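Written out below as structure tokens is the structure these notes cover.
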Amino acid sequence: MPSRRKDPRRPVRRPAPRPQKGSAPARSTAARPPPGDPPPRVKAPAPPPSTLPAQPGRWLWTCRAGFESHLFEELAWAGASPRMLGEVLVESETRPAEPPVFARTGIRVLTSLPSGQSLDQTAGALAERILVALPQGMLVLQSFTPDSPAGNRLADEADALLEAVRSRLPADRLLEETWRAREAGATLVELCVAPGAVLMGEVPAREALSLSPGGRQRMRRAADSPSRAAMKLEEALVNLPFEPGRGEVCVDLGAAPGGWTQRLVARGARVIAVDPAKLMPELAHHPRVEHVQESAFAYTPEEPVDWLCCDMAWRPLEVAQLLAKWGRRDWATHLVANIKLPMKDKNPLLLRVRHILTEEGGWQGLTMRQLYHDRDEVTVTAHRSQ
């Protein structure tokens, strides 16, 4: 896991009414849609085979390969006038007030250069543009390629360009410890080496969706991890100001075989793992793990907990309703959950999920993002008033 400084403050549990076992109403099988109709659907153009030049002053967004059309539609719904630049690269005229769900990262374009120039020419032009546009302050300089087969083949070129530009900038302005970028008030400068073009943009670190190059927040999978699911939780917690810790109580819905439970226990938390299936043996006998072998939809906590975690492979609207019930009844203070996506109509469904969690569940500070380790799913975080 990448090194970073954690906020030493821990969330304080707000007193809430003690729920009574067996008091939960029967689960509904249909979610109420949000008031009004969703915006008209937007058909996105196919990504061009060679990256189009980006326009300075506009915003460049990256996403998971194959999700360009969903990101494009989000930006269109936000009135941001999107333009398809290439595989996993979408440009918009403005930055929406609500971060796009399918964006891994977003940067304001400083310049765009055609590929084919010499390394010295390209690096010199980029360094000069940085010094003119950002004459003061600390910088974090990174490079990335589009996360696509064609883009990944340019990784060596991206690394070489990064070093060439770095050598042309004042060393005392370059912050090497990326995890300190936000507290240092640094600006994140990203070099994107794409098929047909080199794009460069910037964003204040405190406003960045991710501090990883191109938003590719790679997490390490522990050798004893029962599945890759644990990496999704690790990535979700990276951008939160605090995380589950010693002395806190977490409920893990749909816990088996125990990927999320394992990572929560490693942080010192006590975990109530809810799943009819078995946990991995070392977790089943762990002193800080209580395994409740029943359905997540039937489970009622004996008292409010600090964290509700959920990574269930289940119908998304029913999962959203379950999470809303926990919020509505003040059964948890913080939420981290994965919502599985349907094959079609992803954006309209996410509008309904957002409505269920906020309007029906009362969850606040909702974030909804498709993270690097997510596939056909998105990660949701939220909290209740303390």
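Here's how to read the names in the structure tokens: chain A, B, ... by the order shown, residue numbers from 1 in each chain, ligand numbers from 1 in the order shown.
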**Request:** Might you pull out every residue within 7 Å of segment 147-155 of chain A, with only C-alpha atoms counted and same-chain residues fewer than 4 positions away left off, and present them as a PyMOL selection string?
**Result:** chain A and resi 64-65+87-88+159+193-195
Export of prior selection with C-alpha atoms as a PDB file, in the first residue's frame:
```
ATOM      1  CA  ARG A  64     -11.185   2.483 -17.494  1.00  0.00           C
ATOM      2  CA  ALA A  65     -10.954   1.092 -21.028  1.00  0.00           C
ATOM      3  CA  GLU A  87      -9.082   5.507 -25.844  1.00  0.00           C
ATOM      4  CA  VAL A  88      -9.785   6.206 -22.138  1.00  0.00           C
ATOM      5  CA  ASP A 159       9.272   7.294 -18.224  1.00  0.00           C
ATOM      6  CA  VAL A 193       2.045  10.078 -23.539  1.00  0.00           C
ATOM      7  CA  ALA A 194      -0.700   8.793 -25.831  1.00  0.00           C
ATOM      8  CA  PRO A 195      -0.784   7.300 -29.339  1.00  0.00           C
TER       9      PRO A 195
END
```
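Across A:Ala125, A:Leu317, A:Leu341, A:Ile272, the tightest approach to Pro287 of chain A is made by A:Ile272 when counting only C-alpha atoms.
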**Message:** List as a ChimeraX atom specification the protein and nucleic acid residues near segment 252-262 of chain A, meaning an atom at most 10 Å away when only C-alpha atoms are counted, but skip any in the same chain fewer than 4 places from it.
**Reply:** /A:222,224-234,266-267,269-284,286,289,291-297,299,307-314,323,336-337
**Item:** Filtered DSSP result for segment 59-234 of chain A, state alpha helix (DSSP H), as number ranges by chain
**Value:** A: 68-77, 119-133, 149-152, 155-166, 229-234
Residue selection dump (C-alpha atoms) as a PDB file, in the first residue's frame:
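To be explicit, this is the file written out as out.pdb:
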```
ATOM      1  CA  GLU A  68     -15.419   6.104 -22.347  1.00  0.00           C
ATOM      2  CA  SER A  69     -19.051   6.360 -23.442  1.00  0.00           C
ATOM      3  CA  HIS A  70     -20.302   6.344 -19.832  1.00  0.00           C
ATOM      4  CA  LEU A  71     -17.861   9.091 -18.848  1.00  0.00           C
ATOM      5  CA  PHE A  72     -18.818  11.058 -21.970  1.00  0.00           C
ATOM      6  CA  GLU A  73     -22.515  10.820 -21.079  1.00  0.00           C
ATOM      7  CA  GLU A  74     -21.874  11.936 -17.488  1.00  0.00           C
ATOM      8  CA  LEU A  75     -20.018  15.004 -18.710  1.00  0.00           C
ATOM      9  CA  ALA A  76     -22.754  15.767 -21.247  1.00  0.00           C
ATOM     10  CA  TRP A  77     -25.423  15.507 -18.536  1.00  0.00           C
ATOM     11  CA  LEU A 119      12.762  13.815 -26.729  1.00  0.00           C
ATOM     12  CA  ASP A 120      14.773  17.010 -26.208  1.00  0.00           C
ATOM     13  CA  GLN A 121      12.307  19.132 -28.195  1.00  0.00           C
ATOM     14  CA  THR A 122       9.276  17.746 -26.386  1.00  0.00           C
ATOM     15  CA  ALA A 123      10.830  17.922 -22.909  1.00  0.00           C
ATOM     16  CA  GLY A 124      12.080  21.461 -23.496  1.00  0.00           C
ATOM     17  CA  ALA A 125       8.693  22.689 -24.665  1.00  0.00           C
ATOM     18  CA  LEU A 126       6.876  21.066 -21.749  1.00  0.00           C
ATOM     19  CA  ALA A 127       9.310  22.372 -19.123  1.00  0.00           C
ATOM     20  CA  GLU A 128       9.064  25.881 -20.516  1.00  0.00           C
ATOM     21  CA  ARG A 129       5.274  25.732 -20.434  1.00  0.00           C
ATOM     22  CA  ILE A 130       5.312  24.575 -16.797  1.00  0.00           C
ATOM     23  CA  LEU A 131       7.567  27.442 -15.712  1.00  0.00           C
ATOM     24  CA  VAL A 132       5.403  30.012 -17.489  1.00  0.00           C
ATOM     25  CA  ALA A 133       2.036  28.638 -16.295  1.00  0.00           C
ATOM     26  CA  PRO A 149      -3.174  -1.924 -25.014  1.00  0.00           C
ATOM     27  CA  ALA A 150      -1.903   0.771 -27.397  1.00  0.00           C
ATOM     28  CA  GLY A 151      -1.244   3.207 -24.573  1.00  0.00           C
ATOM     29  CA  ASN A 152       0.580   0.766 -22.325  1.00  0.00           C
ATOM     30  CA  ALA A 155       5.316   3.218 -20.955  1.00  0.00           C
ATOM     31  CA  ASP A 156       9.065   3.435 -21.610  1.00  0.00           C
ATOM     32  CA  GLU A 157       8.595   6.651 -23.596  1.00  0.00           C
ATOM     33  CA  ALA A 158       6.556   8.132 -20.759  1.00  0.00           C
ATOM     34  CA  ASP A 159       9.272   7.294 -18.224  1.00  0.00           C
ATOM     35  CA  ALA A 160      11.990   8.818 -20.411  1.00  0.00           C
ATOM     36  CA  LEU A 161       9.975  11.992 -20.965  1.00  0.00           C
ATOM     37  CA  LEU A 162       9.318  12.340 -17.236  1.00  0.00           C
ATOM     38  CA  GLU A 163      13.037  12.266 -16.435  1.00  0.00           C
ATOM     39  CA  ALA A 164      13.872  14.655 -19.272  1.00  0.00           C
ATOM     40  CA  VAL A 165      11.311  17.226 -18.115  1.00  0.00           C
ATOM     41  CA  ARG A 166      12.284  16.785 -14.468  1.00  0.00           C
ATOM     42  CA  ALA A 229     -11.437  -7.764  -3.331  1.00  0.00           C
ATOM     43  CA  ALA A 230      -9.212  -6.463  -0.530  1.00  0.00           C
ATOM     44  CA  MET A 231      -7.457  -4.121  -2.967  1.00  0.00           C
ATOM     45  CA  LYS A 232     -10.760  -2.367  -3.675  1.00  0.00           C
ATOM     46  CA  LEU A 233     -11.179  -1.578   0.007  1.00  0.00           C
ATOM     47  CA  GLU A 234      -7.569  -0.410   0.344  1.00  0.00           C
TER      48      GLU A 234
END
```
**Message:** So that I can check the secondary structure, give me every residue of segment 86-188 of chain A assigned strand (DSSP E) by backbone DSSP, as a list in words.
**Reply:**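 Taking segment 86-188 of chain A and keeping strand (DSSP E) gives Gly86, Leu89, Val90, Glu91, Ser92, Thr105, Gly106, Ile107, Arg108, Val109, Leu110, Thr111, Ser112, Leu113, Pro114, Leu139, Val140, Leu141, Gln142, Ser143, Phe144, Thr187 and Leu188 of chain A.
When the distance limit is 9 Å and only C-alpha atoms are what count, the residues near Gln217 of chain A, minus those fewer than 3 positions from it on the same chain, are Pro2, Arg104, Ser210, Leu211, Ser212, Pro213, Gly214, Glu235, Leu371, Tyr372 and His373 of chain A.
With only C-alpha atoms as the atoms that count, the residue of A:Ala236, A:Leu188, A:Leu264, A:Val249 with the shortest distance to Asn338 of chain A is A:Ala236.
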**Request:** Take atom CA of Glu243 of chain A and atom CA of Val380 of chain A and report the distance between them in Å, one decimal.
**Result:**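 The value is 14.4 Å.
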**Prompt:** Nearest to Arg315 of chain A among A:Val265, A:Ala97, A:Ile339, A:Leu191, with distances taken over only C-alpha atoms: which residue is it?
**Reply:** A:Ile339
**Prompt:** Of the residues A:Pro135, A:Val198, A:Gly327, A:Gln370, which is the one nearest to Ser118 of chain A, using only C-alpha atoms?
**Reply:**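 Closest residue, counting only C-alpha atoms: A:Val198.
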**Message:** Just checking: using only C-alpha atoms, which residue out of A:Arg352, A:Ser115, A:Glu377, A:Pro96 ends up closest to Gly196 of chain A?
**Reply:** A:Ser115
**Prompt:** Which neighbours of segment 57-63 of chain A fall inside 6 Å, counting only C-alpha atoms, when residues of the same chain fewer than 6 positions from it are skipped, and could you give them as number ranges by chain?
**Reply:** A: 88-93, 102-109
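Here the question is which of A:Leu351, A:Ala298, A:Ala78, A:Leu85 gets nearest to Glu98 of chain A using only C-alpha atoms, and that residue is A:Ala78.
Here atom CA of Leu134 of chain A stands at a distance of 17.9 Å from atom CA of Thr178 of chain A.
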**Message:** Between atom CA of Gln136 of chain A and atom CA of Pro56 of chain A, what distance in Å does the model show, to one decimal?
**Reply:**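 Atom-to-atom, atom CA of Gln136 of chain A to atom CA of Pro56 of chain A, that is 19.7 Å.
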